[in-house]
>>> print(open('target06.csv').read())   # CSV, C-alpha atoms
chain,number,residue,atom,x,y,z
Q,28,MET,CA,31.5,-21.5,28.2
Q,29,ASP,CA,29.3,-24.0,29.9
Q,30,LYS,CA,25.8,-23.2,28.6
Q,31,HIS,CA,24.1,-25.4,31.2
Q,32,ASN,CA,25.5,-23.6,34.3
Q,33,LEU,CA,25.4,-19.9,33.7
Q,34,LEU,CA,22.5,-18.8,35.9
Q,35,SER,CA,23.0,-19.9,39.4
Q,36,LYS,CA,21.4,-16.9,41.1
Q,37,LEU,CA,18.7,-15.8,38.7
Q,38,GLU,CA,15.7,-18.0,37.9
Q,39,SER,CA,14.7,-18.3,34.3
Q,40,GLU,CA,11.0,-18.0,35.2
Q,41,TYR,CA,11.1,-14.4,36.0
Q,42,LEU,CA,13.8,-13.6,33.5
Q,43,ALA,CA,11.3,-14.8,30.8
Q,44,GLU,CA,8.6,-12.6,32.2
Q,45,LEU,CA,10.8,-9.5,32.5
Q,46,ILE,CA,12.6,-9.6,29.1
Q,47,SER,CA,10.0,-11.2,26.8
Q,48,ASP,CA,8.4,-7.8,26.0
Q,49,ASP,CA,11.8,-6.1,25.3
Q,50,ILE,CA,15.0,-7.8,24.3
Q,51,ALA,CA,13.4,-11.1,23.4
Q,52,SER,CA,10.6,-9.5,21.4
Q,53,LYS,CA,13.2,-7.9,19.1
Q,54,LEU,CA,14.8,-11.2,18.3
Q,55,PRO,CA,12.1,-13.0,16.2
Q,56,GLU,CA,12.8,-10.5,13.4
Q,57,LEU,CA,16.3,-12.0,13.1
Q,58,ILE,CA,15.0,-15.2,11.7
Q,59,SER,CA,15.5,-13.9,8.1
Q,60,MET,CA,19.3,-13.4,8.7
Q,61,SER,CA,22.1,-15.8,8.0
Q,62,GLU,CA,23.4,-17.6,11.2
Q,63,LYS,CA,26.5,-15.4,11.3
Q,64,ALA,CA,24.6,-12.1,10.9
Q,65,ARG,CA,22.0,-13.3,13.4
Q,66,ALA,CA,24.6,-14.1,16.1
Q,67,LYS,CA,26.2,-10.7,15.6
Q,68,ALA,CA,22.9,-8.9,15.8
Q,69,ILE,CA,21.7,-10.7,19.0
Q,70,MET,CA,25.0,-10.1,20.7
Q,71,GLU,CA,25.0,-6.4,19.9
Q,72,ILE,CA,21.4,-6.0,21.1
Q,73,LEU,CA,22.3,-7.6,24.5
Q,74,MET,CA,25.5,-5.7,24.9
Q,75,LYS,CA,23.8,-2.4,24.3
Q,76,ALA,CA,21.1,-3.2,26.8
Q,77,GLU,CA,23.8,-4.2,29.3
Q,78,ARG,CA,25.6,-0.9,28.9
Q,79,SER,CA,22.4,1.0,29.5
Q,80,LEU,CA,21.9,-0.7,32.8
Q,81,HIS,CA,25.5,-0.3,33.8
Q,82,LEU,CA,25.3,3.5,33.2
Q,83,GLU,CA,22.1,3.7,35.2
Q,84,ASN,CA,24.0,2.1,38.1
Q,85,SER,CA,27.0,4.4,37.6
Q,86,PRO,CA,25.6,8.0,37.5
Q,87,PHE,CA,29.1,9.6,37.0
Q,88,ASP,CA,30.0,7.3,34.1
Q,89,LYS,CA,28.9,7.9,30.5
Q,90,GLY,CA,28.7,6.0,27.2
Q,91,ASN,CA,31.7,6.4,25.0
Q,92,GLY,CA,30.6,5.0,21.6
Q,93,TYR,CA,31.6,1.7,20.3
Q,94,VAL,CA,34.8,-0.2,19.6
Q,95,LYS,CA,35.1,-2.9,16.9
Q,96,ARG,CA,36.2,-6.3,18.0
Q,97,LYS,CA,36.7,-9.4,16.0
Q,98,LEU,CA,35.4,-12.6,17.5
Q,99,ASN,CA,36.7,-15.9,16.3
Q,100,THR,CA,34.0,-18.5,15.8
Q,101,SER,CA,33.4,-21.7,13.8
Q,102,MET,CA,31.5,-19.5,11.3
Q,103,GLY,CA,34.6,-17.4,10.9
Q,104,GLN,CA,35.3,-13.9,12.3
Q,105,ILE,CA,32.4,-11.9,13.5
Q,106,GLU,CA,33.1,-8.1,13.7
Q,107,LEU,CA,31.1,-6.7,16.7
Q,108,ASN,CA,30.4,-3.1,17.7
Q,109,VAL,CA,31.1,-3.4,21.4
Q,110,PRO,CA,29.7,-0.6,23.5
Q,111,ARG,CA,32.1,1.3,25.8
Q,112,ASP,CA,31.9,3.5,28.8
Q,113,ARG,CA,34.0,6.5,29.6
Q,114,ASP,CA,35.5,5.1,32.8
Q,115,GLY,CA,36.5,1.8,31.2
Q,116,ASP,CA,34.7,-0.3,33.8
Q,117,PHE,CA,32.1,-1.8,31.6
Q,118,ARG,CA,32.6,-5.1,29.8
Q,119,PRO,CA,29.6,-7.0,28.4
Q,120,SER,CA,29.1,-10.3,30.2
Q,121,ILE,CA,28.2,-12.1,27.0
Q,122,LEU,CA,31.7,-11.8,25.6
Q,123,PRO,CA,34.3,-14.5,26.2
Q,124,PRO,CA,37.6,-13.7,27.8
Q,125,LYS,CA,40.0,-11.7,25.6
Q,126,TYR,CA,41.7,-13.7,22.9
Q,127,GLN,CA,39.5,-16.7,23.6
Q,128,ARG,CA,37.4,-18.3,20.8
Q,129,PHE,CA,33.7,-18.0,21.3
Q,130,ASP,CA,32.2,-21.3,22.3
Q,131,ASP,CA,30.5,-23.0,19.3
Q,132,SER,CA,27.9,-24.5,21.4
Q,133,TYR,CA,26.8,-21.1,22.5
Q,134,LEU,CA,26.5,-19.9,18.9
Q,135,ASN,CA,24.4,-23.0,18.2
Q,136,LEU,CA,22.2,-22.2,21.1
Q,137,ILE,CA,21.6,-18.6,19.8
Q,138,ASN,CA,20.5,-19.8,16.4
Q,139,ALA,CA,18.6,-22.9,17.6
Q,140,SER,CA,16.6,-20.8,20.1
Q,141,LEU,CA,15.1,-18.5,17.6
Q,142,ASN,CA,12.2,-20.8,16.9
Q,143,ASN,CA,11.1,-20.6,20.5
Q,144,PHE,CA,11.1,-16.8,21.0
Q,145,TYR,CA,7.3,-16.7,20.5
Q,146,SER,CA,6.3,-18.3,23.8
Q,147,GLN,CA,7.1,-17.7,27.4
Q,148,SER,CA,8.5,-21.2,27.9
Q,149,GLY,CA,10.7,-20.8,24.9
Q,150,ILE,CA,12.0,-17.4,26.1
Q,151,LYS,CA,12.6,-18.9,29.5
Q,152,ASN,CA,14.6,-21.7,28.1
Q,153,TYR,CA,16.7,-19.3,26.1
Q,154,LEU,CA,17.3,-16.9,28.9
Q,155,SER,CA,18.3,-19.6,31.3
Q,156,HIS,CA,21.5,-20.0,29.2
Q,157,LEU,CA,22.4,-16.3,29.2
Q,158,ASN,CA,24.8,-14.8,31.7
Q,159,LEU,CA,23.0,-11.6,32.7
Q,160,PRO,CA,24.2,-10.9,36.3
Q,161,TYR,CA,21.4,-8.4,37.2
Q,162,SER,CA,18.7,-8.3,39.9
Q,163,LYS,CA,15.0,-8.6,39.2
Q,164,GLU,CA,14.5,-4.9,39.7
Q,165,GLN,CA,17.4,-4.0,37.3
Q,166,LEU,CA,15.9,-6.2,34.6
Q,167,GLU,CA,12.5,-4.5,35.0
Q,168,ARG,CA,14.2,-1.2,34.4
Q,169,LEU,CA,16.1,-2.6,31.4
Q,170,SER,CA,12.7,-3.7,30.0
Q,171,GLU,CA,11.3,-0.2,30.4
Q,172,LYS,CA,14.3,1.4,28.7
Q,173,ALA,CA,14.0,-0.7,25.6
Q,174,TYR,CA,10.4,0.4,24.9
Q,175,GLU,CA,11.1,4.0,25.9
Q,176,GLU,CA,13.8,4.1,23.2
Q,177,TYR,CA,11.3,3.0,20.6
Q,178,GLN,CA,8.6,5.5,21.7
Q,179,LEU,CA,11.1,8.4,21.5
Q,180,TRP,CA,12.2,7.3,18.0
Q,181,ASN,CA,8.6,7.1,16.8
Q,182,LYS,CA,8.0,10.7,18.0
Q,183,ARG,CA,11.2,12.2,16.6
Q,184,GLU,CA,11.1,15.3,14.4
Q,185,LEU,CA,10.9,14.6,10.7
Q,186,PRO,CA,12.2,16.6,7.7
Q,187,LYS,CA,9.8,19.3,6.5
Q,188,ASP,CA,10.3,18.4,2.8
Q,189,VAL,CA,10.7,14.9,1.5
Q,190,LEU,CA,11.0,13.4,-1.9
Q,191,SER,CA,8.5,10.5,-1.5
Q,192,LEU,CA,6.4,8.6,1.0
Q,193,PHE,CA,5.4,5.0,0.6
Q,194,ILE,CA,2.4,4.0,2.7
Q,195,ASP,CA,0.7,0.7,3.4
Q,196,GLY,CA,-1.5,-0.9,6.0
Q,197,TYR,CA,-0.5,-4.4,7.3
Q,198,HIS,CA,-3.6,-6.3,8.4
Q,199,THR,CA,-3.1,-8.6,11.4
Q,200,GLU,CA,-4.6,-9.8,14.6
Q,201,ILE,CA,-3.3,-9.0,18.1
Q,202,TYR,CA,-4.1,-10.1,21.6
Q,203,GLU,CA,-5.8,-7.4,23.7
Q,204,GLU,CA,-5.1,-8.0,27.3
Q,205,LYS,CA,-7.9,-5.7,28.6
Q,206,GLU,CA,-10.5,-7.5,26.5
Q,207,ASN,CA,-8.8,-10.9,26.9
Q,208,LYS,CA,-9.3,-11.7,23.3
Q,209,VAL,CA,-7.6,-11.5,19.9
Q,210,VAL,CA,-8.9,-8.6,17.8
Q,211,GLU,CA,-8.3,-7.3,14.2
Q,212,ALA,CA,-5.8,-4.5,13.8
Q,213,VAL,CA,-3.8,-2.6,11.2
Q,214,VAL,CA,-0.2,-1.5,11.3
Q,215,TYR,CA,0.0,1.8,9.4
Q,216,LEU,CA,3.5,2.1,8.0
Q,217,VAL,CA,5.1,5.1,6.3
Q,218,ILE,CA,8.6,4.8,4.6
Q,219,GLY,CA,10.2,8.0,3.2
Q,220,ILE,CA,13.0,9.0,0.9
Q,221,ASP,CA,14.5,12.4,1.6
Q,222,PHE,CA,16.3,14.7,-0.8
Q,223,ASP,CA,19.7,13.2,0.0
Q,224,GLY,CA,18.4,9.8,-1.2
Q,225,ASN,CA,18.1,8.3,2.3
Q,226,LYS,CA,15.4,5.8,3.1
Q,227,ASP,CA,13.9,5.5,6.5
Q,228,LEU,CA,10.8,4.3,8.3
Q,229,TYR,CA,9.0,7.5,9.3
Q,230,SER,CA,6.1,6.2,11.3
Q,231,ILE,CA,4.5,3.1,12.9
Q,232,GLU,CA,0.8,3.5,13.9
Q,233,PHE,CA,-1.0,0.6,15.4
Q,234,ILE,CA,-4.8,0.9,15.3
Q,235,THR,CA,-7.4,-1.7,16.1
Q,236,GLY,CA,-10.2,-2.3,13.6
Q,237,ASN,CA,-10.2,-2.3,9.8
Q,238,GLU,CA,-8.2,0.0,7.5
Q,239,ASN,CA,-10.1,3.2,6.8
Q,240,LYS,CA,-9.8,6.8,5.7
Q,241,GLU,CA,-10.1,8.2,9.2
Q,242,SER,CA,-7.1,6.2,10.4
Q,243,TRP,CA,-5.0,7.4,7.5
Q,244,LEU,CA,-6.0,11.0,8.3
Q,245,ARG,CA,-4.7,10.3,11.8
Q,246,VAL,CA,-1.4,8.9,10.5
Q,247,PHE,CA,-1.0,11.9,8.1
Q,248,ASN,CA,-1.8,14.4,10.9
Q,249,ASN,CA,0.9,12.7,13.1
Q,250,LEU,CA,3.5,13.2,10.3
Q,251,ILE,CA,2.5,16.9,10.0
Q,252,ASN,CA,2.7,17.4,13.8
Q,253,ARG,CA,6.2,16.0,13.7
Q,254,GLY,CA,7.3,18.5,11.0
Q,255,LEU,CA,6.7,16.7,7.7
Q,256,LYS,CA,4.7,19.2,5.5
Q,257,ARG,CA,5.6,18.8,1.9
Q,258,PRO,CA,6.1,15.4,0.1
Q,259,LEU,CA,6.7,15.5,-3.6
Q,260,VAL,CA,4.9,12.2,-4.2
Q,261,ILE,CA,3.0,9.7,-2.2
Q,262,ILE,CA,2.8,6.1,-3.3
Q,263,SER,CA,0.0,3.9,-2.0
Q,264,ASP,CA,-2.3,1.0,-2.8
Q,265,ASP,CA,-5.9,1.7,-4.1
Q,266,PHE,CA,-7.6,1.6,-0.8
Q,267,PRO,CA,-11.1,3.3,-0.7
Q,268,GLY,CA,-10.7,6.8,0.7
Q,269,ILE,CA,-6.9,7.0,0.5
Q,270,ASP,CA,-7.1,9.5,-2.4
Q,271,GLU,CA,-9.3,11.8,-0.4
Q,272,ALA,CA,-7.1,11.6,2.6
Q,273,VAL,CA,-4.0,12.6,0.6
Q,274,LYS,CA,-5.8,15.5,-1.1
Q,275,THR,CA,-7.1,16.7,2.3
Q,276,LEU,CA,-3.7,17.0,4.0
Q,277,PHE,CA,-1.1,17.0,1.2
Q,278,PRO,CA,-3.1,18.7,-1.6
Q,279,LYS,CA,-0.1,19.7,-3.7
Q,280,ALA,CA,1.6,16.3,-3.6
Q,281,TYR,CA,1.6,13.9,-6.5
Q,282,HIS,CA,-0.2,10.7,-5.7
Q,283,GLN,CA,0.7,7.4,-7.4
Q,284,LEU,CA,-1.5,4.3,-7.0
Q,285,CYS,CA,0.7,1.2,-7.0
Q,286,TRP,CA,1.3,0.1,-10.6
Q,287,THR,CA,2.1,-3.4,-9.5
Q,288,HIS,CA,-1.3,-3.8,-7.7
Q,289,PHE,CA,-3.0,-2.2,-10.7
Q,290,ARG,CA,-1.6,-4.8,-13.1
Q,291,ARG,CA,-2.7,-7.6,-10.7
Q,292,ASN,CA,-6.2,-6.2,-10.4
Q,293,VAL,CA,-6.5,-6.1,-14.2
Q,294,ARG,CA,-6.3,-9.9,-14.3
Q,295,LYS,CA,-9.0,-10.1,-11.5
Q,296,ASN,CA,-11.5,-7.9,-13.3
Q,297,ILE,CA,-11.3,-8.9,-17.0
Q,298,GLY,CA,-11.1,-12.2,-18.9
Q,299,LYS,CA,-7.9,-14.1,-19.3
Q,300,LYS,CA,-7.4,-13.4,-23.1
Q,301,ASP,CA,-8.2,-9.7,-22.7
Q,302,ALA,CA,-6.0,-9.5,-19.6
Q,303,ASN,CA,-3.0,-10.9,-21.5
Q,304,GLU,CA,-3.5,-8.2,-24.2
Q,305,PHE,CA,-3.9,-5.6,-21.5
Q,306,SER,CA,-0.6,-6.7,-19.8
Q,307,GLN,CA,1.3,-6.5,-23.1
Q,308,PHE,CA,0.0,-3.0,-23.6
Q,309,LEU,CA,1.1,-1.9,-20.2
Q,310,ASP,CA,4.6,-3.3,-20.8
Q,311,LYS,CA,4.9,-1.1,-23.9
Q,312,LEU,CA,3.2,1.9,-22.2
Q,313,LYS,CA,6.0,2.1,-19.5
Q,314,LEU,CA,8.3,3.3,-22.3
Q,315,GLU,CA,6.3,6.4,-23.1
Q,316,LYS,CA,8.2,9.6,-22.8
Q,317,ASP,CA,5.7,11.7,-20.8
Q,318,PHE,CA,2.4,11.8,-19.0
Q,319,ASN,CA,0.2,13.2,-21.8
Q,320,SER,CA,1.4,10.7,-24.3
Q,321,ALA,CA,0.8,7.8,-21.8
Q,322,LYS,CA,-2.6,9.2,-20.9
Q,323,ASN,CA,-3.8,9.4,-24.5
Q,324,LYS,CA,-2.7,5.9,-25.3
Q,325,PHE,CA,-4.2,4.6,-22.1
Q,326,ILE,CA,-7.6,6.1,-22.8
Q,327,ASP,CA,-7.6,5.0,-26.4
Q,328,PHE,CA,-6.6,1.4,-25.5
Q,329,THR,CA,-9.1,1.0,-22.6
Q,330,ASP,CA,-12.0,2.5,-24.7
Q,331,LYS,CA,-12.2,-0.7,-26.7
Q,332,PHE,CA,-13.0,-2.7,-23.6
Q,333,LYS,CA,-15.7,-0.3,-22.4
Q,334,GLU,CA,-18.6,-2.3,-23.8
Q,335,LYS,CA,-17.4,-5.6,-22.4
Q,336,TYR,CA,-16.3,-4.4,-18.9
Q,337,PRO,CA,-18.2,-1.1,-18.5
Q,338,SER,CA,-17.9,-0.8,-14.7
Q,339,TYR,CA,-14.2,-1.6,-14.4
Q,340,ILE,CA,-13.1,0.4,-17.4
Q,341,SER,CA,-15.0,3.4,-16.2
Q,342,TYR,CA,-13.3,3.1,-12.8
Q,343,ILE,CA,-9.7,2.9,-14.1
Q,344,GLN,CA,-10.4,5.7,-16.6
Q,345,GLN,CA,-11.6,8.0,-13.8
Q,346,LYS,CA,-8.5,7.2,-11.9
Q,347,HIS,CA,-6.1,7.3,-14.8
Q,348,GLU,CA,-4.1,10.3,-13.3
Q,349,LEU,CA,-3.4,8.3,-10.2
Q,350,PHE,CA,-2.4,5.1,-12.0
Q,351,LEU,CA,-0.2,7.0,-14.5
Q,352,CYS,CA,1.3,9.7,-12.1
Q,353,PHE,CA,4.8,8.2,-12.4
Q,354,PHE,CA,4.9,9.3,-16.1
Q,355,ARG,CA,5.2,12.9,-14.8
Q,356,PHE,CA,8.7,12.0,-13.8
Q,357,ASP,CA,11.7,11.6,-16.1
Q,358,TYR,CA,12.2,8.1,-17.4
Q,359,ASN,CA,15.5,7.8,-15.5
Q,360,VAL,CA,13.8,8.0,-12.0
Q,361,ARG,CA,10.4,6.6,-12.6
Q,362,LYS,CA,11.3,3.2,-11.2
Q,363,HIS,CA,11.5,4.8,-7.7
Q,364,PHE,CA,7.9,6.1,-7.7
Q,365,TYR,CA,5.5,3.6,-9.2
Q,366,THR,CA,5.2,0.8,-6.7
Q,367,THR,CA,4.8,0.2,-2.9
Q,368,ASN,CA,7.2,-2.8,-3.0
Q,369,ILE,CA,9.6,-1.1,-0.5
Q,370,VAL,CA,7.0,-1.0,2.2
Q,371,GLU,CA,5.5,-4.4,1.3
Q,372,SER,CA,8.9,-6.0,1.6
Q,373,PHE,CA,9.0,-4.5,5.1
Q,374,ASN,CA,5.6,-6.2,5.8
Q,375,ASN,CA,7.0,-9.6,4.8
Q,376,ILE,CA,9.0,-9.9,7.9
Q,377,LEU,CA,6.0,-9.1,10.0
Q,378,GLY,CA,4.1,-11.9,8.2
Q,379,ILE,CA,6.9,-14.3,9.2
Q,380,ILE,CA,6.8,-13.3,12.8
Q,381,GLU,CA,3.0,-13.4,12.8
Q,382,ARG,CA,3.0,-17.0,11.5
Q,383,ASN,CA,5.6,-18.1,14.0
Q,384,SER,CA,3.6,-16.5,16.8
Q,385,GLY,CA,0.6,-18.7,16.1
Q,386,GLY,CA,-1.1,-16.4,13.6
Q,387,PHE,CA,-1.3,-13.3,15.7
Q,388,PHE,CA,0.8,-10.9,17.7
Q,389,ARG,CA,1.0,-11.5,21.4
Q,390,SER,CA,1.1,-7.8,22.4
Q,391,LYS,CA,1.2,-4.3,20.9
Q,392,LYS,CA,4.6,-3.8,22.3
Q,393,MET,CA,6.0,-6.9,20.6
Q,394,LEU,CA,4.6,-5.8,17.3
Q,395,GLU,CA,6.0,-2.2,17.5
Q,396,LEU,CA,9.4,-3.3,18.7
Q,397,ASN,CA,9.7,-5.8,15.8
Q,398,CYS,CA,9.0,-3.0,13.4
Q,399,TYR,CA,11.6,-0.9,15.1
Q,400,ILE,CA,14.3,-3.6,15.0
Q,401,LYS,CA,13.6,-4.3,11.4
Q,402,ARG,CA,14.1,-0.6,10.7
Q,403,ASN,CA,17.4,-0.6,12.5
Q,404,GLN,CA,18.6,-3.6,10.6
Q,405,LEU,CA,17.8,-2.0,7.3
Q,406,LYS,CA,19.4,1.3,8.3
Q,407,ASN,CA,22.6,-0.6,9.1
Q,408,LYS,CA,22.6,-2.5,5.9
Q,409,LYS,CA,20.3,-2.1,2.8
Q,410,TRP,CA,19.4,1.5,3.6
Q,411,LYS,CA,22.8,2.5,4.8
Q,412,ILE,CA,23.9,4.0,1.5
Q,413,PRO,CA,21.7,6.7,-0.2
Q,414,ALA,CA,20.0,5.6,-3.4
Q,415,PRO,CA,22.6,6.3,-6.1
Q,416,ASN,CA,20.2,6.9,-8.9
Q,417,ILE,CA,18.3,9.5,-6.9
Q,418,ARG,CA,21.5,11.2,-6.0
Q,419,ALA,CA,22.6,11.2,-9.6
Q,420,ASN,CA,19.3,12.9,-10.6
Q,421,ILE,CA,18.8,15.1,-7.5
Q,422,TYR,CA,19.0,18.4,-9.3
Q,423,TYR,CA,16.1,17.4,-11.6
Q,424,LEU,CA,14.1,16.2,-8.6
Q,425,ILE,CA,14.7,19.4,-6.6
Q,426,GLN,CA,13.5,21.5,-9.6
Q,427,MET,CA,10.5,19.4,-9.9
Q,428,PHE,CA,9.7,20.0,-6.2
Q,429,ALA,CA,10.1,23.7,-6.8
Q,430,SER,CA,7.7,23.6,-9.7
Q,431,VAL,CA,5.1,22.1,-7.4
Q,432,TYR,CA,5.6,24.1,-4.2
Q,433,GLY,CA,7.1,27.3,-5.6
Q,434,GLU,CA,10.4,27.1,-3.7
Q,435,LEU,CA,13.3,24.7,-3.3
Q,436,PRO,CA,13.0,22.0,-0.6
Q,437,ASN,CA,14.3,22.5,2.9
Q,438,ASN,CA,16.0,19.3,3.8
Q,439,GLY,CA,17.4,20.4,7.1
>>> encode(input="target06.csv", output="structure tokens")
Amino acid sequence: MDKHNLLSKLESEYLAELISDDIASKLPELISMSEKARAKAIMEILMKAERSLHLENSPFDKGNGYVKRKLNTSMGQIELNVPRDRDGDFRPSILPPKYQRFDDSYLNLINASLNNFYSQSGIKNYLSHLNLPYSKEQLERLSEKAYEEYQLWNKRELPKDVLSLFIDGYHTEIYEEKENKVVEAVVYLVIGIDFDGNKDLYSIEFITGNENKESWLRVFNNLINRGLKRPLVIISDDFPGIDEAVKTLFPKAYHQLCWTHFRRNVRKNIGKKDANEFSQFLDKLKLEKDFNSAKNKFIDFTDKFKEKYPSYISYIQQKHELFLCFFRFDYNVRKHFYTTNIVESFNNILGIIERNSGGFFRSKKMLELNCYIKRNQLKNKKWKIPAPNIRANIYYLIQMFASVYGELPNNG
């Protein structure tokens, strides 16, 4: 495949303009993958988009799932999920002829181009080497379809009852085209675990301005409007007002403030020697068998620092039920409910994209689509299999839900 002579009819200038907000905006997230996984993911994104456009131009044809095909490359075999149509007329243009090895130079191009996906010129350079035999109007429609898919996904119905919600706000900056300036914004993310042990990203809410209680109420109301009514436990950081927001809309749910953040903040608020003693105490405290035992030891231990750090000790004692909430769970499952690490790890990829974008996101659409692509990657890999420890203890967790809400969870 000659990567220098693929586009004789389509100019890369308008290709960059048309696809940068859709297909190309999905690709920066892929920088965290291995080269082999990255090549597979990019090819599958492009093939799926090509099929969507083919079906639009063939109203009597329909999609027919996917077929696995092994592609020989210098990296070894790549197993692709190749989209099919019912009539058998569709074949992705990105694939080499049958039984032919994929051109190594093309794979190198895919991987080398990732560093340039954050600018129009970089996208143009990348797209100039892709064989996408569509008109300008077709590519515009392809662009619209990609974002429509995301919007439908972010409005989908959610399960009524869930085991846990992990919430966090990612603080960033974004270019506002209307105002022609970069503004502060927060991406409000909600990740959930249902009673089958499945993890998923439930909501992405993009709101300009600073993180605040009103915005979290808006996020929670959106979850409720989409069907989610009764979480057993919500895990969050200790943002001012978040406790009130949880109590207002999910009054029966347990609320755990991130234990990891709590431990970090101890070191910021008391002296080094005392912080070391505090940290050792918290290590031992995690082994306590139940909430009341943990609470009594926590109050007794922190009392001895009251005189030295009156404001901070008073604060954490007032919030002890939120910091120690995970002790209400059996020791075998506590590890799933005491930290926001699951959603913060999701934020890490946004940080990488943000840095490579020049320190801010170029558009709201790019930001949202990157979240969506990250979610799809996790659902196909790390989140594909339900959490085995939750599955093993599901009877206990269902009974715990029933003790809070008065009936068994509806996980339909």
>>> residues_around(input="target06.csv", residues="stretch 363-369 of chain Q", least_positions_apart="3", cutoff="6 Å", atoms="all atoms listed in the file", output="list in words")
Phe193, Cys285, Trp286, Thr287, Phe353, Val360 and Ser372 of chain Q
>>> residues_around(input="target06.csv", residues="Q:Ala414", least_positions_apart="6", cutoff="8 Å", atoms="all atoms listed in the file", output="compact mmCIF listing (two decimals) with C-alpha atoms, keeping the file's coordinate frame")
# COMPACT_ATOMS: atom_id res chain seq x y z
CA GLY Q 224 18.40 9.80 -1.20
CA ASN Q 225 18.10 8.30 2.30
CA LYS Q 226 15.40 5.80 3.10
>>> residues_around(input="target06.csv", residues="stretch 216-223 of chain Q", least_positions_apart="3", cutoff="7 Å", atoms="only C-alpha atoms", output="list in words")
Val189, Leu190, Ser191, Leu192, Phe193, Ile194, Asp195, Gly196, Lys226, Asp227, Leu228, Tyr229, Ser230, Ile231, Glu232, Val370, Pro413, Arg418 and Asn438 of chain Q
>>> closest_residue(input="target06.csv", among="Q:Phe356, Q:Phe289, Q:Trp243, Q:Tyr202", to="Q:Glu271", atoms="all atoms listed in the file")
Q:Trp243
>>> residues_around(input="target06.csv", residues="stretch 329-339 of chain Q", least_positions_apart="6", cutoff="9 Å", atoms="all atoms listed in the file", output="ChimeraX atom specification")
/Q:293,296-297,301,305
>>> residues_around(input="target06.csv", residues="stretch 205-209 of chain Q", least_positions_apart="6", cutoff="9 Å", atoms="all atoms listed in the file", output="number ranges by chain")
Q: 387-389
>>> closest_residue(input="target06.csv", among="Q:Asn91, Q:Ser430, Q:Asn375, Q:Asn420", to="Q:Asp357", atoms="all atoms listed in the file")
Q:Asn420
>>> atom_distance(input="target06.csv", atom1="atom CA of Q:Gly268", atom2="atom CA of Q:Lys240")
5.1 Å
>>> atom_distance(input="target06.csv", atom1="atom CA of Q:Asn319", atom2="atom CA of Q:Leu284")
17.4 Å
>>> atom_distance(input="target06.csv", atom1="atom CA of Q:Pro258", atom2="atom CA of Q:Ile417")
15.3 Å
>>> closest_residue(input="target06.csv", among="Q:Lys67, Q:His282, Q:Lys256, Q:His288", to="Q:Leu98", atoms="all atoms listed in the file")
Q:Lys67
>>> closest_residue(input="target06.csv", among="Q:Glu200, Q:Glu71, Q:Glu371, Q:Glu106", to="Q:Asp264", atoms="only C-alpha atoms")
Q:Glu371
>>> residues_near_point(input="target06.csv", point="(36.8, -0.5, 26.0)", cutoff="12 Å", atoms="only C-alpha atoms", output="PyMOL selection string")
chain Q and resi 78+90-96+108-119+125
>>> closest_residue(input="target06.csv", among="Q:Ile105, Q:Leu82, Q:Leu377, Q:Ile269", to="Q:Arg402", atoms="only C-alpha atoms")
Q:Leu377
